[in-house]
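Quick look at entry20.tsv (TSV, C-alpha atoms):
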chain	number	residue	atom	x	y	z
W	195	MET	CA	-56.20	110.40	245.74
W	196	VAL	CA	-57.63	113.71	244.55
W	197	ILE	CA	-57.57	116.38	247.23
W	198	THR	CA	-60.29	118.94	246.87
W	199	LYS	CA	-59.70	122.46	248.09
W	200	GLU	CA	-61.83	124.95	249.90
W	201	GLY	CA	-61.23	128.45	251.23
W	202	ARG	CA	-57.78	129.87	250.34
W	203	GLY	CA	-56.40	126.56	249.16
W	204	ARG	CA	-56.90	124.58	252.39
W	205	PRO	CA	-57.88	120.94	251.96
W	206	SER	CA	-61.50	120.24	252.83
W	207	ARG	CA	-62.51	118.48	256.02
W	208	VAL	CA	-63.38	115.29	254.18
W	209	SER	CA	-60.06	115.28	252.33
W	210	ILE	CA	-58.12	115.83	255.57
W	211	TYR	CA	-59.77	112.75	257.09
W	212	ALA	CA	-58.91	110.83	253.92
W	213	ALA	CA	-55.32	112.10	254.00
W	214	VAL	CA	-54.91	110.93	257.61
W	215	GLU	CA	-56.26	107.49	256.68
W	216	GLN	CA	-53.96	107.25	253.68
W	217	ALA	CA	-50.89	108.38	255.66
W	218	THR	CA	-51.71	105.90	258.44
W	219	THR	CA	-52.01	103.09	255.90
W	220	GLU	CA	-48.64	104.04	254.41
W	221	LEU	CA	-47.05	104.22	257.87
W	222	ASN	CA	-48.45	100.79	258.78
W	223	ARG	CA	-47.03	99.42	255.55
W	224	ILE	CA	-43.50	100.33	256.69
W	225	GLY	CA	-43.95	99.11	260.26
W	226	GLY	CA	-46.37	101.47	261.94
W	227	LEU	CA	-45.77	104.32	264.36
W	228	PRO	CA	-42.17	103.94	265.59
W	229	ARG	CA	-41.49	103.92	269.30
W	230	PRO	CA	-39.62	106.83	270.93
W	231	ASP	CA	-36.50	104.68	271.33
W	232	VAL	CA	-36.45	104.13	267.55
W	233	ALA	CA	-37.35	107.58	266.18
W	234	GLY	CA	-35.98	109.63	269.04
W	235	ASP	CA	-35.35	112.89	267.18
W	236	ILE	CA	-38.87	113.01	265.76
W	237	TRP	CA	-40.49	112.22	269.10
W	238	ALA	CA	-38.25	114.78	270.82
W	239	GLY	CA	-39.36	117.50	268.41
W	240	ILE	CA	-43.00	116.66	269.05
W	241	TRP	CA	-42.30	116.54	272.80
W	242	TYR	CA	-40.80	120.05	272.89
W	243	GLU	CA	-43.53	121.59	270.77
W	244	GLU	CA	-46.43	119.87	272.50
W	245	THR	CA	-45.13	120.76	275.96
W	246	HIS	CA	-44.64	124.38	275.00
W	247	ASN	CA	-47.93	124.86	273.18
W	248	SER	CA	-50.21	122.90	275.50
W	249	THR	CA	-48.94	124.75	278.57
W	250	ALA	CA	-49.00	128.08	276.70
W	251	ILE	CA	-52.68	127.56	275.87
W	252	GLU	CA	-53.29	127.62	279.64
W	253	GLY	CA	-51.24	130.80	280.10
W	254	ASN	CA	-47.67	129.55	280.67
W	255	MET	CA	-45.24	132.27	279.58
W	256	LEU	CA	-42.13	130.22	278.73
W	257	ILE	CA	-41.11	130.53	275.09
W	258	LEU	CA	-40.13	127.46	273.08
W	259	LYS	CA	-36.40	128.18	273.43
W	260	GLU	CA	-36.76	128.29	277.23
W	261	VAL	CA	-38.78	125.07	277.22
W	262	ARG	CA	-36.11	123.27	275.19
W	263	GLN	CA	-33.35	124.54	277.48
W	264	LEU	CA	-35.24	123.43	280.57
W	265	LEU	CA	-35.99	119.96	279.22
W	266	GLU	CA	-32.57	119.36	277.67
W	267	THR	CA	-30.39	120.61	280.54
W	268	GLY	CA	-32.69	120.94	283.54
W	269	GLN	CA	-31.64	124.57	283.79
W	270	ALA	CA	-34.26	127.30	284.08
W	271	VAL	CA	-33.53	130.31	281.88
W	272	GLY	CA	-35.40	133.61	281.94
W	273	ASP	CA	-37.16	135.30	284.81
W	274	LYS	CA	-40.45	133.40	285.01
W	275	GLN	CA	-42.17	132.27	288.18
W	276	LEU	CA	-41.07	128.93	289.67
W	277	ALA	CA	-44.55	127.51	289.10
W	278	GLU	CA	-44.23	128.05	285.35
W	279	TYR	CA	-41.02	126.01	285.13
W	280	LEU	CA	-42.55	123.26	287.27
W	281	GLU	CA	-45.67	123.29	285.09
W	282	VAL	CA	-43.57	122.71	281.98
W	283	LYS	CA	-41.54	119.94	283.63
W	284	GLY	CA	-44.69	118.23	284.87
W	285	TYR	CA	-46.35	118.32	281.48
W	286	ALA	CA	-43.18	117.12	279.75
W	287	GLU	CA	-42.85	114.14	282.08
W	288	ALA	CA	-46.51	113.28	281.56
W	289	ALA	CA	-46.16	113.55	277.77
W	290	GLU	CA	-43.08	111.33	277.79
W	291	TRP	CA	-45.04	108.76	279.78
W	292	VAL	CA	-47.95	108.96	277.31
W	293	TYR	CA	-45.69	108.48	274.27
W	294	ALA	CA	-44.27	105.33	275.82
W	295	GLN	CA	-47.70	103.73	276.30
W	296	GLY	CA	-48.38	102.61	272.75
W	297	CYS	CA	-49.47	99.01	272.37
W	298	ASP	CA	-47.30	96.19	271.15
W	299	ARG	CA	-47.82	96.18	267.37
W	300	ASP	CA	-48.53	92.46	267.44
W	301	THR	CA	-51.85	93.10	269.14
W	302	GLU	CA	-54.88	93.99	267.06
W	303	ARG	CA	-56.03	96.73	269.43
W	304	CYS	CA	-55.45	98.06	272.90
W	305	ASP	CA	-58.00	96.69	275.33
W	306	PRO	CA	-58.91	98.86	277.07
W	307	TYR	CA	-57.76	102.04	275.35
W	308	ILE	CA	-57.68	103.86	278.67
W	309	THR	CA	-58.39	103.13	282.34
W	310	VAL	CA	-59.32	105.38	285.23
W	311	THR	CA	-55.93	104.55	286.79
W	312	GLU	CA	-54.17	105.89	283.70
W	313	LEU	CA	-56.36	108.98	283.71
W	314	ARG	CA	-55.41	109.66	287.32
W	315	GLU	CA	-51.75	108.96	286.54
W	316	ILE	CA	-51.66	111.54	283.75
W	317	HIS	CA	-53.24	114.19	285.95
W	318	THR	CA	-50.86	113.39	288.81
W	319	ARG	CA	-47.85	113.81	286.53
W	320	VAL	CA	-49.23	117.03	285.01
W	321	VAL	CA	-49.99	118.94	288.22
W	322	GLY	CA	-47.94	117.13	290.86
W	323	PRO	CA	-44.69	119.15	290.57
W	324	VAL	CA	-46.54	122.47	290.88
W	325	TRP	CA	-49.02	121.44	293.55
W	326	ARG	CA	-46.23	120.22	295.81
W	327	VAL	CA	-44.93	123.78	296.15
W	328	GLN	CA	-47.88	125.93	295.11
W	329	PRO	CA	-51.24	124.14	295.39
W	330	PRO	CA	-54.45	125.84	294.23
W	331	ASP	CA	-56.27	127.93	296.81
W	332	ASP	CA	-58.84	126.24	299.03
W	333	LEU	CA	-58.14	122.64	298.04
W	334	LEU	CA	-60.72	120.38	299.60
W	335	PRO	CA	-60.06	116.89	301.01
W	336	GLY	CA	-59.62	114.47	298.14
W	337	GLU	CA	-58.61	117.18	295.66
W	338	THR	CA	-55.10	115.79	295.37
W	339	PRO	CA	-53.22	115.16	292.12
W	340	GLY	CA	-55.24	112.44	290.43
W	341	GLY	CA	-58.25	113.02	292.70
W	342	PHE	CA	-61.58	114.25	291.35
W	343	ARG	CA	-62.83	117.68	292.33
W	344	GLN	CA	-65.00	118.12	295.42
W	345	HIS	CA	-66.62	121.40	294.45
W	346	ASN	CA	-68.75	122.75	291.63
W	347	ILE	CA	-67.46	124.84	288.73
W	348	LYS	CA	-68.98	128.02	287.35
W	349	PRO	CA	-70.43	127.91	283.80
W	350	PHE	CA	-67.93	128.18	280.96
W	351	PRO	CA	-67.95	131.37	278.83
W	352	GLY	CA	-69.96	129.55	276.16
W	353	GLY	CA	-72.70	128.78	278.67
W	354	MET	CA	-72.00	125.08	279.35
W	355	THR	CA	-71.96	124.15	283.04
W	356	PRO	CA	-69.82	121.18	284.15
W	357	PRO	CA	-71.72	118.60	286.18
W	358	ASP	CA	-72.12	118.74	289.94
W	359	PHE	CA	-69.04	117.27	291.62
W	360	THR	CA	-71.13	114.41	292.99
W	361	ASP	CA	-71.88	113.40	289.38
W	362	VAL	CA	-68.23	113.31	288.30
W	363	PRO	CA	-67.48	109.63	289.16
W	364	PRO	CA	-70.51	108.18	287.30
W	365	GLN	CA	-69.95	110.53	284.36
W	366	ILE	CA	-66.30	109.49	284.16
W	367	SER	CA	-67.47	105.86	284.11
W	368	ASP	CA	-69.73	106.67	281.15
W	369	TRP	CA	-66.89	108.59	279.50
W	370	LEU	CA	-64.54	105.62	279.89
W	371	ARG	CA	-67.09	103.39	278.15
W	372	LEU	CA	-67.17	105.86	275.28
W	373	GLY	CA	-63.37	106.15	275.16
W	374	ASN	CA	-62.98	102.37	275.09
W	375	SER	CA	-65.59	101.87	272.38
W	376	GLU	CA	-64.99	101.78	268.64
W	377	PRO	CA	-66.24	104.47	266.23
W	378	GLU	CA	-69.81	104.22	265.02
W	379	PRO	CA	-70.34	102.88	261.48
W	380	GLY	CA	-69.30	105.56	259.02
W	381	GLN	CA	-67.46	107.54	261.71
W	382	THR	CA	-63.69	108.03	261.51
W	383	VAL	CA	-61.47	107.33	264.51
W	384	ILE	CA	-60.64	111.03	264.77
W	385	GLU	CA	-64.31	112.05	264.73
W	386	HIS	CA	-64.88	109.52	267.49
W	387	LEU	CA	-61.95	110.84	269.53
W	388	ALA	CA	-63.13	114.43	269.06
W	389	LEU	CA	-66.37	113.33	270.74
W	390	VAL	CA	-64.35	111.69	273.54
W	391	HIS	CA	-62.10	114.72	274.03
W	392	ALA	CA	-64.98	117.17	274.18
W	393	GLY	CA	-66.80	114.89	276.61
W	394	PHE	CA	-63.85	114.88	278.99
W	395	GLU	CA	-63.54	118.65	278.95
W	396	ARG	CA	-67.26	119.03	279.66
W	397	ILE	CA	-66.96	116.88	282.77
W	398	HIS	CA	-63.88	118.81	283.96
W	399	PRO	CA	-63.26	116.15	286.61
W	400	PHE	CA	-60.25	117.69	288.36
W	401	ARG	CA	-59.67	120.76	290.51
W	402	ASP	CA	-57.26	122.17	287.91
W	403	GLY	CA	-55.23	120.93	284.93
W	404	ASN	CA	-58.20	119.58	282.95
W	405	GLY	CA	-57.11	121.13	279.65
W	406	ARG	CA	-53.56	119.81	279.80
W	407	THR	CA	-54.71	116.42	281.06
W	408	GLY	CA	-57.42	116.21	278.40
W	409	ARG	CA	-54.98	116.90	275.56
W	410	LEU	CA	-52.58	114.26	276.87
W	411	VAL	CA	-55.44	111.77	277.21
W	412	LEU	CA	-56.37	112.54	273.61
W	413	ASN	CA	-52.79	111.79	272.55
W	414	LEU	CA	-52.74	108.56	274.53
W	415	LEU	CA	-55.87	107.46	272.68
W	416	LEU	CA	-54.46	108.55	269.32
W	417	VAL	CA	-51.23	106.60	269.87
W	418	ARG	CA	-53.15	103.53	270.98
W	419	HIS	CA	-55.26	103.75	267.82
W	420	GLY	CA	-52.01	103.69	265.81
W	421	LEU	CA	-52.09	107.39	265.00
W	422	ALA	CA	-49.57	110.12	265.69
W	423	PRO	CA	-50.18	112.53	268.58
W	424	ALA	CA	-51.74	115.94	267.96
W	425	ILE	CA	-50.21	119.30	268.85
W	426	ILE	CA	-52.75	122.08	269.36
W	427	TYR	CA	-50.72	125.24	268.84
W	428	LYS	CA	-51.09	128.27	271.08
W	429	LYS	CA	-51.76	130.44	268.02
W	430	ASP	CA	-54.91	128.35	267.48
W	431	ARG	CA	-56.11	128.72	271.08
W	432	ALA	CA	-59.18	130.80	270.17
W	433	LYS	CA	-60.15	128.38	267.40
W	434	TYR	CA	-59.65	125.40	269.71
W	435	LEU	CA	-61.86	126.91	272.43
W	436	ARG	CA	-64.46	127.75	269.81
W	437	ALA	CA	-64.35	124.17	268.55
W	438	LEU	CA	-64.90	122.86	272.10
W	439	ASP	CA	-67.77	125.32	272.51
W	440	ARG	CA	-69.38	124.06	269.31
W	441	ALA	CA	-68.88	120.48	270.47
W	442	ASP	CA	-70.73	121.33	273.69
W	443	ASN	CA	-73.66	122.22	271.44
W	444	GLY	CA	-73.51	119.01	269.44
W	445	ASP	CA	-71.28	120.06	266.51
W	446	HIS	CA	-67.96	118.18	266.69
W	447	GLY	CA	-66.92	118.96	263.10
W	448	LEU	CA	-64.49	121.80	263.76
W	449	LEU	CA	-62.82	119.99	266.65
W	450	GLY	CA	-62.44	116.82	264.59
W	451	GLU	CA	-60.93	118.81	261.75
W	452	MET	CA	-58.43	120.51	264.07
W	453	ILE	CA	-57.37	117.18	265.52
W	454	ALA	CA	-57.10	115.63	262.05
W	455	ARG	CA	-54.89	118.43	260.75
W	456	ALA	CA	-52.66	118.16	263.83
W	457	VAL	CA	-52.40	114.39	263.48
W	458	LYS	CA	-51.58	114.67	259.77
W	459	ASP	CA	-48.81	117.14	260.58
W	460	CYS	CA	-47.19	114.67	262.99
W	461	LEU	CA	-47.79	111.70	260.70
W	462	ASP	CA	-45.82	113.55	258.02
W	463	ARG	CA	-42.90	113.85	260.42
W	464	PHE	CA	-42.70	110.06	260.70
W	465	LEU	CA	-43.78	109.04	257.22
W	466	LEU	CA	-42.30	111.42	254.68
W	467	PRO	CA	-38.65	111.21	255.75
W	468	ALA	CA	-38.92	107.43	255.51
W	469	LEU	CA	-40.34	107.57	251.99
W	470	GLY	CA	-38.69	110.63	250.54
W	471	GLY	CA	-35.18	110.92	249.12
W	472	PRO	CA	-32.72	113.70	250.04
W	473	HIS	CA	-33.86	115.93	247.20
W	474	GLN	CA	-37.63	115.44	247.47
W	475	LEU	CA	-39.66	118.47	248.50
W	476	LEU	CA	-41.33	117.79	251.84
W	477	PRO	CA	-43.40	119.92	254.24
W	478	LEU	CA	-41.24	121.63	256.86
W	479	SER	CA	-43.07	119.68	259.56
W	480	ALA	CA	-41.58	116.50	258.08
W	481	LEU	CA	-38.07	117.97	258.09
W	482	ALA	CA	-37.92	119.18	261.69
W	483	THR	CA	-35.19	117.63	263.83
W	484	LYS	CA	-34.13	117.63	267.45
W	485	SER	CA	-31.91	120.63	266.75
W	486	VAL	CA	-34.36	122.70	264.70
W	487	SER	CA	-38.15	122.84	265.01
W	488	ALA	CA	-40.66	123.22	262.19
W	489	LEU	CA	-41.34	126.76	263.39
W	490	ALA	CA	-37.64	127.62	263.23
W	491	LEU	CA	-37.45	126.22	259.70
W	492	ARG	CA	-40.46	128.25	258.62
W	493	ARG	CA	-38.95	131.42	260.02
W	494	ALA	CA	-35.67	130.64	258.26
W	495	ALA	CA	-37.55	130.12	255.00
W	496	GLU	CA	-39.43	133.39	255.41
W	497	ARG	CA	-36.21	135.37	255.85
W	498	ASN	CA	-34.49	133.55	252.98
W	499	ALA	CA	-31.98	131.80	255.25
W	500	LEU	CA	-33.28	128.37	254.26
W	501	ARG	CA	-33.75	127.36	250.66
W	502	ALA	CA	-37.44	126.53	250.39
W	503	VAL	CA	-40.48	126.68	248.12
W	504	ARG	CA	-43.76	128.23	249.16
W	505	GLN	CA	-46.80	126.30	247.96
W	506	SER	CA	-50.51	126.87	248.50
W	507	ASN	CA	-50.54	124.75	251.66
W	508	GLY	CA	-47.28	125.95	253.22
W	509	TRP	CA	-43.50	125.89	252.94
W	510	TYR	CA	-41.58	122.96	251.46
W	511	SER	CA	-37.88	122.17	251.48
W	512	THR	CA	-35.61	119.12	251.13
W	513	LYS	CA	-33.41	117.09	253.46
W	514	THR	CA	-30.37	118.36	251.58
W	515	TRP	CA	-31.33	122.02	251.93
W	516	VAL	CA	-32.18	121.66	255.61
W	517	SER	CA	-28.93	119.82	256.29
W	518	SER	CA	-27.02	122.60	254.57
W	519	TYR	CA	-28.85	125.23	256.63
W	520	ILE	CA	-28.14	123.41	259.90
W	521	ARG	CA	-24.51	122.68	258.98
W	522	THR	CA	-23.54	126.17	257.92
W	523	GLY	CA	-25.82	128.12	260.22
W	524	ARG	CA	-25.86	130.77	257.53
W	525	ARG	CA	-28.07	133.79	257.83
W	526	LYS	CA	-27.54	135.32	254.38
W	527	ALA	CA	-30.36	135.19	251.87
W	528	VAL	CA	-30.49	132.26	249.48
W	529	ARG	CA	-32.03	132.19	246.09
W	530	ARG	CA	-35.54	130.73	245.87
W	531	SER	CA	-35.97	127.76	243.56
Please express what this file holds, its structure, as structure tokens.
Amino acid sequence: MVITKEGRGRPSRVSIYAAVEQATTELNRIGGLPRPDVAGDIWAGIWYEETHNSTAIEGNMLILKEVRQLLETGQAVGDKQLAEYLEVKGYAEAAEWVYAQGCDRDTERCDPYITVTELREIHTRVVGPVWRVQPPDDLLPGETPGGFRQHNIKPFPGGMTPPDFTDVPPQISDWLRLGNSEPEPGQTVIEHLALVHAGFERIHPFRDGNGRTGRLVLNLLLVRHGLAPAIIYKKDRAKYLRALDRADNGDHGLLGEMIARAVKDCLDRFLLPALGGPHQLLPLSALATKSVSALALRRAAERNALRAVRQSNGWYSTKTWVSSYIRTGRRKAVRRS
């Protein structure tokens, strides 16, 4: 496949969609998306990064190292507010539940892809730990974890106004029909799911936690479509909000592209290690392990602590070089190849 380039060497939107399709086909050829109990280290890396970044987008101040420590040992490190630790634990438990919900590979498709019970379950897991000790101000009857909001929301900064709270149940019913439908002819799965994701965020059905819940719902749908989950990084928060704003005005292209790039990044983590030998150059995202994240590898490469090659679309290294870096823990500069 020929990958065309646009703007500073980044693959074009069309080629990213094609790359996701090709990677998914290759992954299906070797057995499909592995379950967390099979590819534990890869899923754990995604789990840490998604939990950190998705909560950070909403203002959580824990750094990735603190998130890992909390989830690995149950011990809170740092001097953050209790609610921030509980927020991370709630999201992590919800994400772990989502990852485990993939369909049996013997079935042709999940039917349905999502139910209202599952939607409520995700929200309950996301906000429950925090709300038990620090609920939002002025909660109204029914505004419990998993319960739809009973008040109206002010317009978003981009001008879009979520529906009146009395319209939330029928709009969620319409949204579920969309989420359980197949893409239109000529539409990719990711373009379809971008439409679904934006639609959920416009409804904003819950009192709080809609962003975190919406991103987990997106990942549930991705996994059930046989795709890898997507991590929206906190550094891309402004772009992500801009993409949602554009989607509110009928242009879902940027949001679909963001989701596609995120899915491709996680697909590489599953696919490339399975196909590549110990000396094959792979993206750092495909070489991350439970003990070292892709971000840590990139930082090591930038300071010459990890032997790596910088290409137009990012840093590349090999399993052998990464193993050497992890084994020795060296911090001295290494020679670039």
Atom pair atom CA of Arg436 of chain W / atom CA of Arg455 of chain W: separation (Å)
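Distance reported for this atom pair: 16.1 Å.
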If the box runs along x, y and z of the file and leaves 8 Å on each side of segment 425-428 of chain W, what are its centre and edge lengths in Å, one decimal, as JSON?
{"center_x": -51.5, "center_y": 123.8, "center_z": 270.0, "size_x": 18.5, "size_y": 25.0, "size_z": 18.2}
Which neighbours of Asn222 of chain W fall inside 10 Å, counting only C-alpha atoms, when residues of the same chain fewer than 3 positions from it are skipped, and could you give them as a PyMOL selection string?
chain W and resi 216-219+225-228+299+420-421+465
Segment 276-290 of chain W: which residues within 7 Å, counting only C-alpha atoms, same-chain residues fewer than 5 positions away excluded, as a PyMOL selection string?
chain W and resi 241+245+249+254+270+316+319-324+410
What is the atom CA of Tyr242 of chain W to atom CA of Arg262 of chain W distance in Å?
6.1 Å
Nearest candidate to Leu265 of chain W (options W:Leu438, W:Pro335, W:Cys304, W:Glu243; using only C-alpha atoms)
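Selected residue with least distance to Leu265 of chain W: W:Glu243.
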Around the point (-69.1, 118.6, 277.4), in the coordinates given by the file, pick out the residues reaching within 10 Å, counting all atoms listed in the file, and return them as a list in words.
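Residues satisfying the cut-off, written out: Met354, Thr355, Pro356, Pro357, Leu389, Val390, His391, Ala392, Gly393, Phe394, Glu395, Arg396, Ile397, His398, Leu438, Asp439, Arg440, Ala441, Asp442, Asn443 and Gly444 of chain W.
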Any idea what the distance is between atom CA of Arg418 of chain W and atom CA of Pro205 of chain W?
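Computing it gives 26.2 Å between the two atoms.
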Is it possible to get the residues within 8 Å of (-42.1, 113.2, 267.9) (coordinates as in the file, counting all atoms listed in the file) written as a ChimeraX atom specification?
/W:230,233-241,460,463-464
May I have the residues from that selection written out with C-alpha atoms, as a PDB file, keeping the file's coordinate frame?
ATOM      1  CA  PRO W 230     -39.620 106.830 270.930  1.00  0.00           C
ATOM      2  CA  ALA W 233     -37.350 107.580 266.180  1.00  0.00           C
ATOM      3  CA  GLY W 234     -35.980 109.630 269.040  1.00  0.00           C
ATOM      4  CA  ASP W 235     -35.350 112.890 267.180  1.00  0.00           C
ATOM      5  CA  ILE W 236     -38.870 113.010 265.760  1.00  0.00           C
ATOM      6  CA  TRP W 237     -40.490 112.220 269.100  1.00  0.00           C
ATOM      7  CA  ALA W 238     -38.250 114.780 270.820  1.00  0.00           C
ATOM      8  CA  GLY W 239     -39.360 117.500 268.410  1.00  0.00           C
ATOM      9  CA  ILE W 240     -43.000 116.660 269.050  1.00  0.00           C
ATOM     10  CA  TRP W 241     -42.300 116.540 272.800  1.00  0.00           C
ATOM     11  CA  CYS W 460     -47.190 114.670 262.990  1.00  0.00           C
ATOM     12  CA  ARG W 463     -42.900 113.850 260.420  1.00  0.00           C
ATOM     13  CA  PHE W 464     -42.700 110.060 260.700  1.00  0.00           C
TER      14      PHE W 464
END
